[in-house]
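Single-structure report; data block below.
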Amino acid sequence: MINQLQLRASVLASYGATAQQTEELLTHNQNIFDHSFLKLPIKFPLAPEPHVAVWEEYAAIAKEVGVFEALSSRLVQLQFPILEGINQTEAYRSATRKGVTVDGMVEATGLILQQPEQLQLMLHQSLAGVIPVLLTKNREDFVSLVQALTMRNEPKSVPASMGACMITGFNNWDRIRQYRQQWSAKNFDNCSQSSWLEEFQRLIPQKQLYQDRLIILSDGFYSNVSASDIGLSEVEWRRLSITIRLEHECTHYFTQRLFGSMRNNLLDELIADYIGIVAAVGNYRADWFLRFLGLESFPDYREGGRLQNYRGKPPLSDDAFKILQALVKSAAENLERFDTQYGGKLRTLNSQPIMLIALTYLTLEELADSEAHSYIQKILDQLRDWGTRGQGELLLISNP
C-alpha cells in the first residue's frame with residue numbers, strides 16, 4: 001500500500017516537480033498537527049483557558065473607563081510608544097522582562113492610538129473556548145497594537161494584506177502581579193523579596209498562570225481585497241470580512257489547543273479560510289480564497305497577495321513556488337466541490353468541528369490530488385467510527 005509520503009511525491013511529480021523541487025515541497029508542506037492530543041470524548045466548546053478570567057476583569061473595568069484606558073494600565077507594552085530601538089533600552093527590558101514598574105521611566109510615554117475610543121474588547125465564544133478579541137476600526141491603530149504586543153514596540157512592517165493577529169505566549173505581567181499579591185496574602189509571614197524570587201522560579205514553568213492568548217482584529221476588507229473585486233457593497237463586504245477574519249483566527253486557536261500547532265503555512269491558511277468563508281456566507285468559495293492569496297488570474301500571481309507571506313524560511317525557490325500555486329488552486333477547487341456536495345450535512349451543530357478536524361489529517365498535496373474527495377470522506381468516516389468505538393460522541397456540543 002502506498003504511504004502518505006509516497007502519495008505526496010507522486011502528486012508533486014504529476015504537477016511537474018523535479019526531484020529537488022519535490023524535496024523542497026515535501027518539507028515545506030509537511031503536516032505537523034499532533035493528533036495524539038485528540039482524546040475521547042471531546043466536549044465543545046472547550047473549557048476556557050486560565051487567562052480568560054483576568055480578561056473578564058479587564059472587560060468589566062473597560063465598561064467604566066473604556067477599553068484602551070483599562071488595558072493601558074495593565075499591559076506594560078501599552079505604556080511605551082512605538083519607537084525604533086526602544087526594546088534595547090534598559091527601561092523597556094526591565095518593564096517587559098522583569099516586571100519592574102514603569103513609574104518614573106521617562107521612556108514610558110504611552111502607546112499613541114489615533115482613535116483609542118474606538119477600541120473594542122470582546123470575549124468570543126469559539127469551539128476552542130472563549131478567547132479575548134481586540135477589534136479596532138482604525139488601520140493605523142491595528143498596526144500599532146500589533147507592533148506593541150508582538151514586535152516589542154518596534155516599528156516593523158505589517159503587510160497590508162494582514163488584518164488579524166493571533167497572539168500566543170504573551171507574558172502578562174499584570175497576572176504575575178496578581179499572583180504575587182495572592183501568594184503574599186497566603187504567606188504574609190514569609191513574603192520577603194528573596195522568598196518571592198524563589199516562588200517566581202517555581203512559577204516560570206507554569207506558563208498557563210501568566211501567558212495569555214488573544215486576537216487583534218481590524219475591520220478592514222479581508223486580505224486587502226476591495227468590495228468591488230468581490231462583487232459586494234463596501235458595507236456588506238466589511239461585515240463579512242470581520243466574520244471571516246474572526247473565524248479564521250479562531251480556527252488557528254482550535255488547531256493550537258487540540259493539535260499543538262498553528263503556523264504561517266498554506267495548509268493552515270486553507271483550513272482557516274475554509275472555516276471563515278463558510279461561517280460568513282454558508283458555503284465555501286474557492287474563487288474568494290484564490291483572490292485572497294493573489295491567484296485570481298492563475299497562472300499569474302498578483303504581487304501583494306497573501307500567498308507570498310507563506311513562502312517559508314528559507315523561502316521556496318521560484319520554480320517550487322510556482323508548483324505550490326498550482327497545488328493551492330487545485331486544493332481550493334477540490335474543497336469547494338466537496339463542500340458543495342456534502343457541506344450541508346456538516347453544518348449541523350454536532351458536526352461543526354468534524355470537517356475542521358478531518359482537514360488537519362491531510363496535506364496540501366492530497367487535497368490537490370484528483371482523489372481528494374475520497375481522502376476527505378475516508379477521514380470523516382474514520383472519525384465517526386472512532387467516536388463510536390470510543391463509546392461516546394466524538395464531538396459533543398454544549399451550548400455556551
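Scheme for the C-alpha cells: letters A, B, ... for chains in order shown; per-chain residue numbers from 1; ligand numbers from 1 in order shown.
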Selection near A:Val100, 12 Å with only C-alpha atoms, sequence-local residues under 2 positions removed, as a ChimeraX atom specification
/A:76,90-98,102-105,108,173-174,176-177
Could those residues be written to a file, using N, CA and C atoms, as a PDB file, in the first residue's frame?
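This went into selection02.pdb:
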ATOM      1  N   VAL A  76       1.872  46.186  30.072  1.00  0.00           N
ATOM      2  CA  VAL A  76       3.016  47.095  30.129  1.00  0.00           C
ATOM      3  C   VAL A  76       3.441  47.586  28.753  1.00  0.00           C
ATOM      4  N   GLU A  90      17.239  49.930  28.625  1.00  0.00           N
ATOM      5  CA  GLU A  90      17.188  49.264  29.921  1.00  0.00           C
ATOM      6  C   GLU A  90      15.799  49.359  30.537  1.00  0.00           C
ATOM      7  N   ALA A  91      15.162  50.526  30.355  1.00  0.00           N
ATOM      8  CA  ALA A  91      13.829  50.727  30.923  1.00  0.00           C
ATOM      9  C   ALA A  91      12.821  49.732  30.332  1.00  0.00           C
ATOM     10  N   TYR A  92      12.813  49.618  29.023  1.00  0.00           N
ATOM     11  CA  TYR A  92      11.854  48.726  28.365  1.00  0.00           C
ATOM     12  C   TYR A  92      12.099  47.273  28.751  1.00  0.00           C
ATOM     13  N   ARG A  93      13.355  46.878  28.737  1.00  0.00           N
ATOM     14  CA  ARG A  93      13.690  45.497  29.079  1.00  0.00           C
ATOM     15  C   ARG A  93      13.329  45.177  30.533  1.00  0.00           C
ATOM     16  N   SER A  94      13.547  46.133  31.427  1.00  0.00           N
ATOM     17  CA  SER A  94      13.210  45.926  32.835  1.00  0.00           C
ATOM     18  C   SER A  94      11.699  45.771  33.016  1.00  0.00           C
ATOM     19  N   ALA A  95      10.945  46.599  32.283  1.00  0.00           N
ATOM     20  CA  ALA A  95       9.491  46.574  32.430  1.00  0.00           C
ATOM     21  C   ALA A  95       8.865  45.320  31.820  1.00  0.00           C
ATOM     22  N   THR A  96       9.364  44.911  30.633  1.00  0.00           N
ATOM     23  CA  THR A  96       8.722  43.802  29.916  1.00  0.00           C
ATOM     24  C   THR A  96       9.329  42.439  30.212  1.00  0.00           C
ATOM     25  N   ARG A  97      10.537  42.420  30.775  1.00  0.00           N
ATOM     26  CA  ARG A  97      11.171  41.130  31.071  1.00  0.00           C
ATOM     27  C   ARG A  97      11.279  40.833  32.559  1.00  0.00           C
ATOM     28  N   LYS A  98      11.233  41.895  33.379  1.00  0.00           N
ATOM     29  CA  LYS A  98      11.384  41.692  34.819  1.00  0.00           C
ATOM     30  C   LYS A  98      10.172  42.172  35.616  1.00  0.00           C
ATOM     31  N   VAL A 102       6.717  50.920  35.702  1.00  0.00           N
ATOM     32  CA  VAL A 102       7.167  51.981  34.789  1.00  0.00           C
ATOM     33  C   VAL A 102       7.176  53.349  35.464  1.00  0.00           C
ATOM     34  N   ASP A 103       6.759  53.441  36.698  1.00  0.00           N
ATOM     35  CA  ASP A 103       6.743  54.733  37.395  1.00  0.00           C
ATOM     36  C   ASP A 103       8.138  55.357  37.357  1.00  0.00           C
ATOM     37  N   GLY A 104       8.197  56.569  36.856  1.00  0.00           N
ATOM     38  CA  GLY A 104       9.469  57.276  36.792  1.00  0.00           C
ATOM     39  C   GLY A 104      10.285  56.986  35.546  1.00  0.00           C
ATOM     40  N   MET A 105       9.835  56.079  34.708  1.00  0.00           N
ATOM     41  CA  MET A 105      10.572  55.783  33.469  1.00  0.00           C
ATOM     42  C   MET A 105      10.223  56.830  32.407  1.00  0.00           C
ATOM     43  N   ALA A 108       8.532  55.636  29.162  1.00  0.00           N
ATOM     44  CA  ALA A 108       7.160  55.116  29.201  1.00  0.00           C
ATOM     45  C   ALA A 108       6.151  56.237  28.983  1.00  0.00           C
ATOM     46  N   TRP A 173       2.348  40.574  32.682  1.00  0.00           N
ATOM     47  CA  TRP A 173       2.906  40.910  33.999  1.00  0.00           C
ATOM     48  C   TRP A 173       1.835  41.310  35.003  1.00  0.00           C
ATOM     49  N   ASP A 174       0.679  41.701  34.518  1.00  0.00           N
ATOM     50  CA  ASP A 174      -0.411  42.008  35.441  1.00  0.00           C
ATOM     51  C   ASP A 174      -0.872  40.738  36.144  1.00  0.00           C
ATOM     52  N   ILE A 176       1.038  38.183  36.752  1.00  0.00           N
ATOM     53  CA  ILE A 176       2.119  37.842  37.687  1.00  0.00           C
ATOM     54  C   ILE A 176       2.002  38.685  38.953  1.00  0.00           C
ATOM     55  N   ARG A 177       1.674  39.968  38.784  1.00  0.00           N
ATOM     56  CA  ARG A 177       1.480  40.834  39.953  1.00  0.00           C
ATOM     57  C   ARG A 177       0.329  40.330  40.812  1.00  0.00           C
TER      58      ARG A 177
END
Notebook entry, point to check: Could you pull out all residues of stretch 86-182 of chain A with a DSSP call of strand (DSSP E) and give them as a list in words?
Noted result: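 Reading the DSSP output for stretch 86-182 of chain A, strand (DSSP E) covers Gln120, Leu121, Met122, Leu123, His124, Gln125, Ser126, Gly129, Val130, Ile131, Pro132, Val133, Leu134, Leu135, Thr136, Ala164, Cys165, Met166, Ile167, Thr168, Gly169, Phe170 and Asn171 of chain A.
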- Item | Spatial neighbours of A:Tyr342, 12 Å, only C-alpha atoms, chain gap at least 4 places, as a PyMOL selection string | chain A and resi 283-284+335-338+346-348+351+355+373+376-377+380
Residues of stretch 81-160 of chain A that have any atom at most 10 Å from an atom of stretch 52-58 of chain A: could you tabulate them with the shortest-distance atom pair and the distance in Å to one decimal, using only C-alpha atoms, ordered by chain and increasing number, as CSV?
residue,atom,partner,partner_atom,distance
A:Leu121,CA,A:Tyr58,CA,8.7
A:Met122,CA,A:Glu56,CA,9.3
A:Leu123,CA,A:Glu56,CA,7.5
A:Gly129,CA,A:Val52,CA,9.4
A:Val130,CA,A:Val52,CA,7.0
A:Ile131,CA,A:Val52,CA,6.7
A:Pro132,CA,A:Trp55,CA,6.7
A:Val133,CA,A:Trp55,CA,9.7
Report task. Run DSSP on the backbone and give me the residues of stretch 127-276 of chain A it puts in alpha helix (DSSP H), as a ChimeraX atom specification. Result -> /A:139-150,173-186,193-203,227-230,234-259,266-276
From the list A:Phe292, A:Phe142, A:Phe68, A:Trp183, which residue is nearest A:Glu117 when using only C-alpha atoms?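 Checking each candidate against A:Glu117, we get A:Phe68 as the closest.
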